[in-house]
Each structure stands twice: as C-alpha cells, then as structure tokens.
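Below is the file structure.cif, which contains mmCIF, N, CA and C atoms.
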data_query
#
loop_
_atom_site.label_atom_id
_atom_site.label_comp_id
_atom_site.auth_asym_id
_atom_site.auth_seq_id
_atom_site.Cartn_x
_atom_site.Cartn_y
_atom_site.Cartn_z
N MET A 1 -18.18 4.51 34.31
CA MET A 1 -19.29 3.82 33.67
C MET A 1 -19.83 4.68 32.52
N SER A 2 -20.01 4.09 31.39
CA SER A 2 -20.49 4.80 30.22
C SER A 2 -21.95 5.19 30.37
N VAL A 3 -22.27 6.44 30.01
CA VAL A 3 -23.66 6.90 30.07
C VAL A 3 -24.33 6.80 28.71
N LEU A 4 -23.60 6.40 27.69
CA LEU A 4 -24.16 6.28 26.35
C LEU A 4 -24.40 4.80 26.03
N PRO A 5 -25.45 4.49 25.29
CA PRO A 5 -25.79 3.09 25.00
C PRO A 5 -24.95 2.53 23.86
N PHE A 6 -23.90 1.81 24.17
CA PHE A 6 -22.96 1.36 23.16
C PHE A 6 -23.13 -0.10 22.76
N GLU A 7 -24.29 -0.68 22.92
CA GLU A 7 -24.53 -2.06 22.50
C GLU A 7 -24.86 -2.06 21.01
N THR A 8 -23.98 -2.63 20.18
CA THR A 8 -24.19 -2.55 18.74
C THR A 8 -24.23 -3.90 18.05
N GLY A 9 -23.81 -4.94 18.70
CA GLY A 9 -23.73 -6.22 18.00
C GLY A 9 -22.72 -6.10 16.87
N GLY A 10 -23.07 -6.54 15.66
CA GLY A 10 -22.15 -6.47 14.54
C GLY A 10 -22.51 -5.39 13.54
N THR A 11 -23.33 -4.42 13.94
CA THR A 11 -23.85 -3.42 13.02
C THR A 11 -23.33 -2.03 13.36
N LEU A 12 -23.05 -1.25 12.34
CA LEU A 12 -22.72 0.16 12.53
C LEU A 12 -23.97 0.87 13.04
N VAL A 13 -23.86 1.55 14.17
CA VAL A 13 -25.02 2.17 14.81
C VAL A 13 -24.73 3.65 15.05
N ARG A 14 -25.73 4.49 14.80
CA ARG A 14 -25.62 5.93 15.02
C ARG A 14 -26.71 6.36 15.99
N TYR A 15 -26.30 7.02 17.09
CA TYR A 15 -27.22 7.52 18.10
C TYR A 15 -27.24 9.05 18.07
N ARG A 16 -28.42 9.65 18.03
CA ARG A 16 -28.49 11.11 18.18
C ARG A 16 -28.39 11.40 19.67
N VAL A 17 -27.41 12.22 20.04
CA VAL A 17 -27.18 12.53 21.45
C VAL A 17 -27.48 13.98 21.79
N LEU A 18 -27.52 14.86 20.80
CA LEU A 18 -27.89 16.26 21.00
C LEU A 18 -28.74 16.70 19.82
N THR A 19 -29.79 17.44 20.10
CA THR A 19 -30.67 17.94 19.05
C THR A 19 -30.19 19.31 18.60
N GLY A 20 -30.04 19.47 17.30
CA GLY A 20 -29.60 20.73 16.73
C GLY A 20 -30.71 21.41 15.97
N GLU A 21 -30.33 22.48 15.29
CA GLU A 21 -31.33 23.31 14.60
C GLU A 21 -32.02 22.58 13.45
N ASN A 22 -31.40 21.58 12.89
CA ASN A 22 -32.03 20.83 11.81
C ASN A 22 -33.19 19.97 12.30
N ASP A 23 -33.19 19.61 13.57
CA ASP A 23 -34.26 18.81 14.16
C ASP A 23 -35.16 19.62 15.08
N ASP A 24 -34.90 20.91 15.19
CA ASP A 24 -35.69 21.81 16.03
C ASP A 24 -35.83 23.13 15.28
N PRO A 25 -36.79 23.21 14.33
CA PRO A 25 -36.90 24.38 13.45
C PRO A 25 -37.03 25.72 14.18
N GLY A 26 -37.54 25.71 15.41
CA GLY A 26 -37.66 26.95 16.16
C GLY A 26 -36.31 27.58 16.48
N ARG A 27 -35.27 26.79 16.47
CA ARG A 27 -33.94 27.33 16.77
C ARG A 27 -33.47 28.27 15.67
N ARG A 28 -33.79 27.97 14.43
CA ARG A 28 -33.34 28.81 13.32
C ARG A 28 -34.18 30.07 13.22
N GLY A 29 -35.46 29.94 13.51
CA GLY A 29 -36.34 31.09 13.37
C GLY A 29 -36.39 31.54 11.92
N ASN A 30 -36.22 32.85 11.69
CA ASN A 30 -36.29 33.36 10.32
C ASN A 30 -34.91 33.58 9.69
N LYS A 31 -33.88 33.03 10.31
CA LYS A 31 -32.53 33.17 9.74
C LYS A 31 -32.42 32.34 8.46
N ARG A 32 -31.65 32.86 7.51
CA ARG A 32 -31.43 32.17 6.25
C ARG A 32 -30.09 31.44 6.32
N LEU A 33 -30.12 30.16 6.00
CA LEU A 33 -28.92 29.35 5.99
C LEU A 33 -28.06 29.73 4.78
N VAL A 34 -26.78 30.06 5.00
CA VAL A 34 -25.88 30.38 3.89
C VAL A 34 -24.88 29.27 3.62
N ALA A 35 -24.59 28.47 4.65
CA ALA A 35 -23.64 27.37 4.49
C ALA A 35 -23.82 26.41 5.66
N ARG A 36 -23.23 25.24 5.50
CA ARG A 36 -23.21 24.32 6.62
C ARG A 36 -21.89 23.57 6.59
N SER A 37 -21.51 23.08 7.73
CA SER A 37 -20.28 22.30 7.86
C SER A 37 -20.64 20.97 8.50
N GLU A 38 -20.05 19.91 8.00
CA GLU A 38 -20.23 18.59 8.58
C GLU A 38 -18.90 18.18 9.19
N CYS A 39 -18.94 17.79 10.46
CA CYS A 39 -17.72 17.48 11.20
C CYS A 39 -17.77 16.04 11.69
N ALA A 40 -16.68 15.33 11.52
CA ALA A 40 -16.54 13.97 12.03
C ALA A 40 -15.26 13.90 12.84
N LEU A 41 -15.39 13.51 14.09
CA LEU A 41 -14.24 13.37 14.98
C LEU A 41 -14.13 11.90 15.36
N ARG A 42 -13.07 11.25 14.92
CA ARG A 42 -12.87 9.84 15.26
C ARG A 42 -12.22 9.76 16.64
N CYS A 43 -12.90 9.10 17.55
CA CYS A 43 -12.46 9.02 18.94
C CYS A 43 -11.90 7.62 19.21
N PRO A 44 -10.76 7.54 19.89
CA PRO A 44 -10.13 6.24 20.08
C PRO A 44 -10.80 5.36 21.14
N ASP A 45 -11.63 5.97 22.00
CA ASP A 45 -12.23 5.18 23.08
C ASP A 45 -13.51 5.86 23.56
N VAL A 46 -14.24 5.14 24.41
CA VAL A 46 -15.51 5.64 24.94
C VAL A 46 -15.31 6.92 25.74
N ALA A 47 -14.24 6.99 26.51
CA ALA A 47 -13.99 8.19 27.32
C ALA A 47 -13.86 9.43 26.46
N SER A 48 -13.16 9.34 25.33
CA SER A 48 -13.01 10.51 24.46
C SER A 48 -14.34 10.85 23.78
N ILE A 49 -15.14 9.85 23.48
CA ILE A 49 -16.48 10.12 22.94
C ILE A 49 -17.29 10.91 23.96
N GLU A 50 -17.31 10.45 25.19
CA GLU A 50 -18.10 11.10 26.24
C GLU A 50 -17.60 12.52 26.51
N ARG A 51 -16.28 12.73 26.53
CA ARG A 51 -15.74 14.08 26.74
C ARG A 51 -16.15 15.01 25.59
N THR A 52 -16.13 14.48 24.37
CA THR A 52 -16.48 15.28 23.21
C THR A 52 -17.95 15.66 23.23
N VAL A 53 -18.82 14.72 23.53
CA VAL A 53 -20.25 15.02 23.61
C VAL A 53 -20.51 16.04 24.70
N GLU A 54 -19.86 15.90 25.83
CA GLU A 54 -20.07 16.86 26.92
C GLU A 54 -19.58 18.25 26.52
N ALA A 55 -18.45 18.34 25.81
CA ALA A 55 -17.95 19.65 25.35
C ALA A 55 -18.94 20.28 24.38
N LEU A 56 -19.52 19.48 23.47
CA LEU A 56 -20.52 20.01 22.54
C LEU A 56 -21.79 20.42 23.26
N ARG A 57 -22.19 19.66 24.27
CA ARG A 57 -23.37 20.01 25.07
C ARG A 57 -23.17 21.35 25.78
N SER A 58 -21.99 21.53 26.35
CA SER A 58 -21.68 22.79 27.03
C SER A 58 -21.66 23.96 26.05
N SER A 59 -21.05 23.75 24.89
CA SER A 59 -21.01 24.79 23.87
C SER A 59 -22.41 25.15 23.39
N ASP A 60 -23.25 24.13 23.25
CA ASP A 60 -24.64 24.36 22.81
C ASP A 60 -25.38 25.22 23.83
N GLN A 61 -25.20 24.95 25.10
CA GLN A 61 -25.86 25.75 26.13
C GLN A 61 -25.38 27.20 26.10
N GLN A 62 -24.08 27.40 25.90
CA GLN A 62 -23.54 28.76 25.80
C GLN A 62 -24.10 29.48 24.58
N LEU A 63 -24.20 28.78 23.47
CA LEU A 63 -24.72 29.38 22.24
C LEU A 63 -26.19 29.77 22.41
N LYS A 64 -26.97 28.90 23.03
CA LYS A 64 -28.39 29.20 23.26
C LYS A 64 -28.57 30.44 24.13
N ALA A 65 -27.61 30.71 25.02
CA ALA A 65 -27.72 31.84 25.94
C ALA A 65 -27.36 33.18 25.29
N ARG A 66 -26.79 33.15 24.10
CA ARG A 66 -26.41 34.40 23.42
C ARG A 66 -27.66 35.17 23.00
N PRO A 67 -27.54 36.49 22.96
CA PRO A 67 -28.65 37.28 22.40
C PRO A 67 -28.89 36.90 20.94
N GLU A 68 -30.13 36.96 20.52
CA GLU A 68 -30.50 36.53 19.16
C GLU A 68 -29.67 37.23 18.08
N GLY A 69 -29.35 38.49 18.26
CA GLY A 69 -28.57 39.25 17.28
C GLY A 69 -27.12 38.82 17.18
N GLU A 70 -26.66 37.94 18.10
CA GLU A 70 -25.28 37.46 18.09
C GLU A 70 -25.17 35.99 17.71
N LYS A 71 -26.24 35.45 17.17
CA LYS A 71 -26.24 34.05 16.76
C LYS A 71 -26.05 33.98 15.24
N PHE A 72 -24.79 33.90 14.84
CA PHE A 72 -24.45 33.85 13.42
C PHE A 72 -24.34 32.42 12.90
N TYR A 73 -24.44 31.47 13.83
CA TYR A 73 -24.39 30.04 13.49
C TYR A 73 -25.14 29.27 14.57
N ASP A 74 -25.37 28.01 14.32
CA ASP A 74 -25.96 27.13 15.32
C ASP A 74 -25.46 25.72 15.05
N TRP A 75 -25.62 24.86 16.02
CA TRP A 75 -25.23 23.47 15.86
C TRP A 75 -26.31 22.68 15.14
N ILE A 76 -25.89 21.76 14.31
CA ILE A 76 -26.75 20.75 13.72
C ILE A 76 -26.66 19.53 14.65
N SER A 77 -27.69 18.72 14.70
CA SER A 77 -27.73 17.59 15.63
C SER A 77 -26.42 16.81 15.67
N THR A 78 -26.11 16.30 16.87
CA THR A 78 -24.89 15.55 17.13
C THR A 78 -25.23 14.06 17.27
N TYR A 79 -24.41 13.25 16.63
CA TYR A 79 -24.58 11.79 16.67
C TYR A 79 -23.30 11.14 17.14
N VAL A 80 -23.44 10.02 17.81
CA VAL A 80 -22.31 9.15 18.10
C VAL A 80 -22.50 7.92 17.22
N GLU A 81 -21.47 7.59 16.50
CA GLU A 81 -21.51 6.43 15.61
C GLU A 81 -20.53 5.39 16.13
N ILE A 82 -21.06 4.22 16.41
CA ILE A 82 -20.24 3.13 16.93
C ILE A 82 -20.06 2.10 15.83
N ASP A 83 -18.81 1.82 15.54
CA ASP A 83 -18.47 0.83 14.52
C ASP A 83 -17.89 -0.39 15.23
N PRO A 84 -18.55 -1.53 15.13
CA PRO A 84 -18.05 -2.72 15.83
C PRO A 84 -16.64 -3.13 15.39
N ALA A 85 -16.19 -2.64 14.25
CA ALA A 85 -14.85 -2.96 13.78
C ALA A 85 -13.78 -2.13 14.49
N VAL A 86 -14.21 -1.10 15.27
CA VAL A 86 -13.27 -0.24 16.00
C VAL A 86 -13.47 -0.52 17.49
N PRO A 87 -12.64 -1.36 18.08
CA PRO A 87 -12.84 -1.71 19.48
C PRO A 87 -12.78 -0.48 20.38
N ASP A 88 -13.84 -0.28 21.16
CA ASP A 88 -13.93 0.75 22.21
C ASP A 88 -14.04 2.18 21.69
N GLY A 89 -13.94 2.43 20.40
CA GLY A 89 -13.99 3.80 19.90
C GLY A 89 -15.19 4.03 19.01
N GLY A 90 -15.17 5.15 18.35
CA GLY A 90 -16.24 5.50 17.43
C GLY A 90 -16.06 6.93 16.95
N SER A 91 -17.11 7.48 16.39
CA SER A 91 -17.05 8.85 15.86
C SER A 91 -18.14 9.70 16.48
N VAL A 92 -17.83 10.97 16.64
CA VAL A 92 -18.83 11.97 17.00
C VAL A 92 -19.04 12.80 15.75
N LEU A 93 -20.29 12.84 15.30
CA LEU A 93 -20.65 13.54 14.07
C LEU A 93 -21.59 14.69 14.42
N PHE A 94 -21.27 15.86 13.91
CA PHE A 94 -22.11 17.03 14.17
C PHE A 94 -21.91 18.02 13.04
N GLY A 95 -22.68 19.07 13.07
CA GLY A 95 -22.54 20.06 12.03
C GLY A 95 -22.75 21.46 12.56
N VAL A 96 -22.47 22.40 11.67
CA VAL A 96 -22.68 23.82 11.96
C VAL A 96 -23.55 24.40 10.86
N ALA A 97 -24.60 25.08 11.26
CA ALA A 97 -25.45 25.82 10.31
C ALA A 97 -24.99 27.28 10.40
N TRP A 98 -24.57 27.84 9.29
CA TRP A 98 -24.05 29.21 9.24
C TRP A 98 -25.12 30.13 8.66
N TYR A 99 -25.35 31.26 9.33
CA TYR A 99 -26.40 32.20 8.90
C TYR A 99 -25.86 33.50 8.36
N ASP A 100 -24.57 33.71 8.43
CA ASP A 100 -23.97 34.98 8.02
C ASP A 100 -22.75 34.68 7.15
N GLU A 101 -22.76 35.16 5.91
CA GLU A 101 -21.69 34.86 4.96
C GLU A 101 -20.33 35.33 5.46
N ALA A 102 -20.24 36.56 5.95
CA ALA A 102 -18.96 37.09 6.42
C ALA A 102 -18.45 36.29 7.62
N TYR A 103 -19.33 35.94 8.52
CA TYR A 103 -18.95 35.16 9.70
C TYR A 103 -18.46 33.77 9.27
N PHE A 104 -19.15 33.15 8.32
CA PHE A 104 -18.72 31.86 7.79
C PHE A 104 -17.31 31.98 7.19
N ALA A 105 -17.09 33.01 6.38
CA ALA A 105 -15.78 33.21 5.75
C ALA A 105 -14.68 33.38 6.80
N GLN A 106 -15.02 34.06 7.89
CA GLN A 106 -14.04 34.33 8.94
C GLN A 106 -13.80 33.13 9.84
N LYS A 107 -14.84 32.35 10.14
CA LYS A 107 -14.75 31.33 11.19
C LYS A 107 -14.78 29.88 10.70
N SER A 108 -15.01 29.64 9.44
CA SER A 108 -15.19 28.26 8.98
C SER A 108 -13.96 27.38 9.17
N GLN A 109 -12.79 27.97 9.30
CA GLN A 109 -11.58 27.20 9.52
C GLN A 109 -11.11 27.25 10.97
N ALA A 110 -11.98 27.69 11.87
CA ALA A 110 -11.61 27.83 13.28
C ALA A 110 -11.12 26.52 13.89
N PHE A 111 -11.59 25.39 13.38
CA PHE A 111 -11.18 24.10 13.93
C PHE A 111 -9.69 23.85 13.76
N THR A 112 -9.01 24.62 12.92
CA THR A 112 -7.57 24.45 12.72
C THR A 112 -6.74 25.36 13.63
N ASN A 113 -7.39 26.28 14.34
CA ASN A 113 -6.61 27.23 15.15
C ASN A 113 -6.07 26.56 16.42
N GLY A 114 -5.15 27.23 17.07
CA GLY A 114 -4.48 26.68 18.25
C GLY A 114 -5.43 26.33 19.38
N MET A 115 -6.43 27.17 19.63
CA MET A 115 -7.38 26.91 20.71
C MET A 115 -8.12 25.59 20.46
N HIS A 116 -8.64 25.42 19.23
CA HIS A 116 -9.36 24.19 18.92
C HIS A 116 -8.43 22.98 18.95
N GLN A 117 -7.22 23.12 18.43
CA GLN A 117 -6.29 22.00 18.44
C GLN A 117 -5.96 21.58 19.88
N HIS A 118 -5.80 22.55 20.76
CA HIS A 118 -5.56 22.25 22.17
C HIS A 118 -6.77 21.52 22.77
N MET A 119 -7.96 21.99 22.43
CA MET A 119 -9.19 21.37 22.93
C MET A 119 -9.31 19.93 22.42
N PHE A 120 -9.05 19.70 21.12
CA PHE A 120 -9.12 18.35 20.57
C PHE A 120 -8.14 17.42 21.29
N LYS A 121 -6.94 17.93 21.55
CA LYS A 121 -5.94 17.12 22.25
C LYS A 121 -6.43 16.76 23.65
N ALA A 122 -7.03 17.72 24.36
CA ALA A 122 -7.55 17.45 25.70
C ALA A 122 -8.70 16.45 25.67
N LEU A 123 -9.45 16.43 24.57
CA LEU A 123 -10.55 15.47 24.43
C LEU A 123 -10.03 14.08 24.05
N GLY A 124 -8.78 14.00 23.60
CA GLY A 124 -8.20 12.72 23.19
C GLY A 124 -8.33 12.44 21.71
N ILE A 125 -8.51 13.50 20.91
CA ILE A 125 -8.70 13.34 19.47
C ILE A 125 -7.44 13.80 18.74
N ALA A 126 -6.89 12.92 17.93
CA ALA A 126 -5.67 13.22 17.17
C ALA A 126 -5.99 14.17 16.02
N PRO A 127 -5.04 15.03 15.64
CA PRO A 127 -5.27 15.97 14.53
C PRO A 127 -5.70 15.29 13.23
N ASP A 128 -5.19 14.10 12.96
CA ASP A 128 -5.57 13.42 11.72
C ASP A 128 -6.91 12.67 11.84
N ALA A 129 -7.58 12.80 12.99
CA ALA A 129 -8.87 12.14 13.21
C ALA A 129 -10.03 13.13 13.10
N ILE A 130 -9.75 14.28 12.51
CA ILE A 130 -10.75 15.34 12.39
C ILE A 130 -11.02 15.57 10.91
N GLU A 131 -12.29 15.49 10.53
CA GLU A 131 -12.69 15.72 9.14
C GLU A 131 -13.81 16.75 9.12
N VAL A 132 -13.62 17.79 8.34
CA VAL A 132 -14.65 18.84 8.23
C VAL A 132 -14.90 19.10 6.74
N THR A 133 -16.17 19.09 6.39
CA THR A 133 -16.57 19.39 5.01
C THR A 133 -17.54 20.57 5.05
N HIS A 134 -17.28 21.58 4.24
CA HIS A 134 -18.15 22.76 4.17
C HIS A 134 -19.02 22.69 2.92
N TRP A 135 -20.25 23.15 3.06
CA TRP A 135 -21.22 23.20 1.97
C TRP A 135 -21.85 24.57 1.94
N ARG A 136 -21.93 25.16 0.78
CA ARG A 136 -22.65 26.42 0.63
C ARG A 136 -24.06 26.10 0.18
N GLU A 137 -24.99 26.87 0.68
CA GLU A 137 -26.38 26.71 0.26
C GLU A 137 -26.55 27.44 -1.07
N ALA A 138 -27.26 26.85 -1.96
CA ALA A 138 -27.51 27.45 -3.26
C ALA A 138 -29.01 27.66 -3.43
N ALA A 139 -29.38 28.73 -4.07
CA ALA A 139 -30.79 28.98 -4.33
C ALA A 139 -31.29 27.93 -5.32
N PRO A 140 -32.50 27.43 -5.12
CA PRO A 140 -33.05 26.47 -6.08
C PRO A 140 -33.19 27.08 -7.46
N ALA A 141 -32.99 26.25 -8.46
CA ALA A 141 -33.15 26.72 -9.84
C ALA A 141 -34.60 27.13 -10.09
N ALA A 142 -34.76 28.16 -10.87
CA ALA A 142 -36.13 28.66 -11.16
C ALA A 142 -36.86 27.79 -12.11
#
Give the structure from the file, written as structure tokens.
Amino acid sequence: MSVLPFETGGTLVRYRVLTGENDDPGRRGNKRLVARSECALRCPDVASIERTVEALRSSDQQLKARPEGEKFYDWISTYVEIDPAVPDGGSVLFGVAWYDEAYFAQKSQAFTNGMHQHMFKALGIAPDAIEVTHWREAAPAA
C-alpha cells in the first residue's frame, strides 16, 4: 500500500516529502553556500519512488548525525512529482547544497560512481533516468 498521496487527476503535482536546508535555515547555520546540485530521478513505478524517498530519508538522518565540522554539504528539500501522463511512475526531485569548494570539486560527480550506480539499480532507477545539474553560487554584483 502506498504511503504517499498520489491522487493527481489530470494535473502535474509536486509533493514535498522531506524538508531540506533551503526550507529550514537553521540547518545551514553560518555556512556559506558555494554551489548546489539539482537532481531528478525518473522512477518507473510507485515502489521505486517509495524506495528512493526512504533512501534519501535515511541518508538525511545519517547526515544530521555527523559532527558540525564534517558537514560539507546538506540536502535541499525533496519532492515527488507525479505526472498523470506517466502511468504509475513519477520523479523524485532533490538537491545538494555544497558548503566547501574542494569537497564539491571532489564529490559533485559521485552519482556516477559504482556505489551510486548499484544503489540506483537497487532502487529501480535506470542510468538514463538520472539527471543532475550543478550550479555555482556567484557573489552579487556590487
């Protein structure tokens, strides 16, 4: 039985399922954002959506438990997007807020490594169903 509310009628619907640092300013504290990544995982069915959300929830709890000095990134809020044109499936949308330039340079492509690819496969997400876009933060013009 699905635990997520998937009643959409004929409209594209996006549900926030996990709160990230963008919606909870206390999570960032005084860290300076250097970059962010936007991730979209197209899931073929409700079961893969639920597995993906649970994996992100577990990862979020592990990240929150880290000592403050070891938090070089944080999650941005997670959404499930249901498209009535895609029977039984949808997308899980989330992001990463990066606080350390060197860590971003080292880890921003981690989603392509063997561990992540194995995890995506176990979640039921095909390699071509993963989209990641990176953005660098720029200082405002004077």
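The neighbours of Glu38 in chain A here are the residues that come within 12 Å of it, using only C-alpha atoms and leaving out any residue fewer than 2 positions away in the same chain; they are A:Ala35, A:Arg36, A:Ala40, A:Leu41, A:Trp75, A:Ile76, A:Ser77, A:Thr78, A:Tyr79, A:Val92, A:Leu93, A:Phe94, A:Gly95, A:Val96, A:Ala97, A:Trp98, A:Ser108, A:Phe111, A:Ile130, A:Glu131, A:Val132, A:Thr133, A:His134, A:Trp135, A:Arg136.
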Query - Shell of 7 Å around range 49-66 of chain A, all atoms listed in the file, local chain residues under 2 positions omitted, as a PyMOL selection string - result: chain A and resi 43-47+68-71+75+90-92+123
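Using all atoms listed in the file for every distance, the candidate list A:Phe104, A:Ala122, A:Thr112, A:Glu81 yields A:Phe104 as the residue closest to Val34 in chain A.
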Requested in this report: In Å, rounded to a single decimal, give me how far atom C of Ala85 in chain A is from atom N of His116 in chain A.
Outcome: 28.4 Å
Please give the centre and size of the box around range 44-48 of chain A (axis-aligned, containing every atom listed in the file, 5 Å added per side), with values in Å to one decimal and written as AutoDock Vina command-line options.
--center_x -12.8 --center_y 8.0 --center_z 23.6 --size_x 15.4 --size_y 15.7 --size_z 17.4
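Counting only N, CA and C atoms and comparing A:Leu33, A:Leu12, A:Ala110, A:Val17, the residue that lies closest to Glu137 in chain A is A:Leu33.
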Name the residues of chain A that come out as strand (DSSP E or B) in a backbone DSSP run; write them as a compact mmCIF listing (two decimals) with N, CA and C atoms, in the frame of the given file.
# COMPACT_ATOMS: atom_id res chain seq x y z
N VAL A 13 -23.86 1.55 14.17
CA VAL A 13 -25.02 2.17 14.81
C VAL A 13 -24.73 3.65 15.05
N ARG A 14 -25.73 4.49 14.80
CA ARG A 14 -25.62 5.93 15.02
C ARG A 14 -26.71 6.36 15.99
N TYR A 15 -26.30 7.02 17.09
CA TYR A 15 -27.22 7.52 18.10
C TYR A 15 -27.24 9.05 18.07
N ARG A 16 -28.42 9.65 18.03
CA ARG A 16 -28.49 11.11 18.18
C ARG A 16 -28.39 11.40 19.67
N VAL A 17 -27.41 12.22 20.04
CA VAL A 17 -27.18 12.53 21.45
C VAL A 17 -27.48 13.98 21.79
N LEU A 18 -27.52 14.86 20.80
CA LEU A 18 -27.89 16.26 21.00
C LEU A 18 -28.74 16.70 19.82
N ALA A 35 -24.59 28.47 4.65
CA ALA A 35 -23.64 27.37 4.49
C ALA A 35 -23.82 26.41 5.66
N ARG A 36 -23.23 25.24 5.50
CA ARG A 36 -23.21 24.32 6.62
C ARG A 36 -21.89 23.57 6.59
N SER A 37 -21.51 23.08 7.73
CA SER A 37 -20.28 22.30 7.86
C SER A 37 -20.64 20.97 8.50
N GLU A 38 -20.05 19.91 8.00
CA GLU A 38 -20.23 18.59 8.58
C GLU A 38 -18.90 18.18 9.19
N CYS A 39 -18.94 17.79 10.46
CA CYS A 39 -17.72 17.48 11.20
C CYS A 39 -17.77 16.04 11.69
N ALA A 40 -16.68 15.33 11.52
CA ALA A 40 -16.54 13.97 12.03
C ALA A 40 -15.26 13.90 12.84
N LEU A 41 -15.39 13.51 14.09
CA LEU A 41 -14.24 13.37 14.98
C LEU A 41 -14.13 11.90 15.36
N ARG A 42 -13.07 11.25 14.92
CA ARG A 42 -12.87 9.84 15.26
C ARG A 42 -12.22 9.76 16.64
N CYS A 43 -12.90 9.10 17.55
CA CYS A 43 -12.46 9.02 18.94
C CYS A 43 -11.90 7.62 19.21
N TYR A 73 -24.44 31.47 13.83
CA TYR A 73 -24.39 30.04 13.49
C TYR A 73 -25.14 29.27 14.57
N ASP A 74 -25.37 28.01 14.32
CA ASP A 74 -25.96 27.13 15.32
C ASP A 74 -25.46 25.72 15.05
N TRP A 75 -25.62 24.86 16.02
CA TRP A 75 -25.23 23.47 15.86
C TRP A 75 -26.31 22.68 15.14
N ILE A 76 -25.89 21.76 14.31
CA ILE A 76 -26.75 20.75 13.72
C ILE A 76 -26.66 19.53 14.65
N SER A 77 -27.69 18.72 14.70
CA SER A 77 -27.73 17.59 15.63
C SER A 77 -26.42 16.81 15.67
N THR A 78 -26.11 16.30 16.87
CA THR A 78 -24.89 15.55 17.13
C THR A 78 -25.23 14.06 17.27
N TYR A 79 -24.41 13.25 16.63
CA TYR A 79 -24.58 11.79 16.67
C TYR A 79 -23.30 11.14 17.14
N VAL A 80 -23.44 10.02 17.81
CA VAL A 80 -22.31 9.15 18.10
C VAL A 80 -22.50 7.92 17.22
N GLU A 81 -21.47 7.59 16.50
CA GLU A 81 -21.51 6.43 15.61
C GLU A 81 -20.53 5.39 16.13
N ILE A 82 -21.06 4.22 16.41
CA ILE A 82 -20.24 3.13 16.93
C ILE A 82 -20.06 2.10 15.83
N GLY A 90 -15.17 5.15 18.35
CA GLY A 90 -16.24 5.50 17.43
C GLY A 90 -16.06 6.93 16.95
N SER A 91 -17.11 7.48 16.39
CA SER A 91 -17.05 8.85 15.86
C SER A 91 -18.14 9.70 16.48
N VAL A 92 -17.83 10.97 16.64
CA VAL A 92 -18.83 11.97 17.00
C VAL A 92 -19.04 12.80 15.75
N LEU A 93 -20.29 12.84 15.30
CA LEU A 93 -20.65 13.54 14.07
C LEU A 93 -21.59 14.69 14.42
N PHE A 94 -21.27 15.86 13.91
CA PHE A 94 -22.11 17.03 14.17
C PHE A 94 -21.91 18.02 13.04
N GLY A 95 -22.68 19.07 13.07
CA GLY A 95 -22.54 20.06 12.03
C GLY A 95 -22.75 21.46 12.56
N VAL A 96 -22.47 22.40 11.67
CA VAL A 96 -22.68 23.82 11.96
C VAL A 96 -23.55 24.40 10.86
N ALA A 97 -24.60 25.08 11.26
CA ALA A 97 -25.45 25.82 10.31
C ALA A 97 -24.99 27.28 10.40
N TRP A 98 -24.57 27.84 9.29
CA TRP A 98 -24.05 29.21 9.24
C TRP A 98 -25.12 30.13 8.66
N ILE A 130 -9.75 14.28 12.51
CA ILE A 130 -10.75 15.34 12.39
C ILE A 130 -11.02 15.57 10.91
N GLU A 131 -12.29 15.49 10.53
CA GLU A 131 -12.69 15.72 9.14
C GLU A 131 -13.81 16.75 9.12
N VAL A 132 -13.62 17.79 8.34
CA VAL A 132 -14.65 18.84 8.23
C VAL A 132 -14.90 19.10 6.74
N THR A 133 -16.17 19.09 6.39
CA THR A 133 -16.57 19.39 5.01
C THR A 133 -17.54 20.57 5.05
N HIS A 134 -17.28 21.58 4.24
CA HIS A 134 -18.15 22.76 4.17
C HIS A 134 -19.02 22.69 2.92
N TRP A 135 -20.25 23.15 3.06
CA TRP A 135 -21.22 23.20 1.97
C TRP A 135 -21.85 24.57 1.94
N ARG A 136 -21.93 25.16 0.78
CA ARG A 136 -22.65 26.42 0.63
C ARG A 136 -24.06 26.10 0.18
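The residue that comes closest to Ser48 in chain A, out of A:Pro25, A:Pro87, A:Gly124, A:Gly20 and on the basis of all atoms listed in the file, is A:Gly124.
Pairwise distance (CA of Ala126 in chain A, CA of Asp88 in chain A) equals 15.8 Å.
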Once you've located range 64-74 of chain A in the structure I gave, write it as a tab-separated table (two decimals), in the first residue's frame, keeping N, CA and C atoms.
chain	number	residue	atom	x	y	z
A	64	LYS	N	22.52	14.36	9.36
A	64	LYS	CA	22.22	15.18	10.53
A	64	LYS	C	23.03	14.74	11.75
A	65	ALA	N	23.38	13.45	11.82
A	65	ALA	CA	24.10	12.92	12.97
A	65	ALA	C	25.60	13.21	12.92
A	66	ARG	N	26.10	13.69	11.80
A	66	ARG	CA	27.53	14.00	11.69
A	66	ARG	C	27.89	15.19	12.56
A	67	PRO	N	29.13	15.22	13.05
A	67	PRO	CA	29.58	16.42	13.76
A	67	PRO	C	29.55	17.63	12.82
A	68	GLU	N	29.27	18.79	13.37
A	68	GLU	CA	29.12	20.01	12.56
A	68	GLU	C	30.33	20.26	11.66
A	69	GLY	N	31.53	19.98	12.13
A	69	GLY	CA	32.75	20.21	11.35
A	69	GLY	C	32.91	19.26	10.18
A	70	GLU	N	32.04	18.23	10.07
A	70	GLU	CA	32.12	17.27	8.97
A	70	GLU	C	30.94	17.39	8.01
A	71	LYS	N	30.22	18.49	8.11
A	71	LYS	CA	29.08	18.71	7.23
A	71	LYS	C	29.49	19.68	6.12
A	72	PHE	N	29.98	19.11	5.03
A	72	PHE	CA	30.45	19.91	3.90
A	72	PHE	C	29.34	20.13	2.86
A	73	TYR	N	28.21	19.47	3.09
A	73	TYR	CA	27.04	19.61	2.21
A	73	TYR	C	25.80	19.29	3.03
A	74	ASP	N	24.66	19.56	2.45
A	74	ASP	CA	23.38	19.19	3.06
A	74	ASP	C	22.38	18.97	1.94
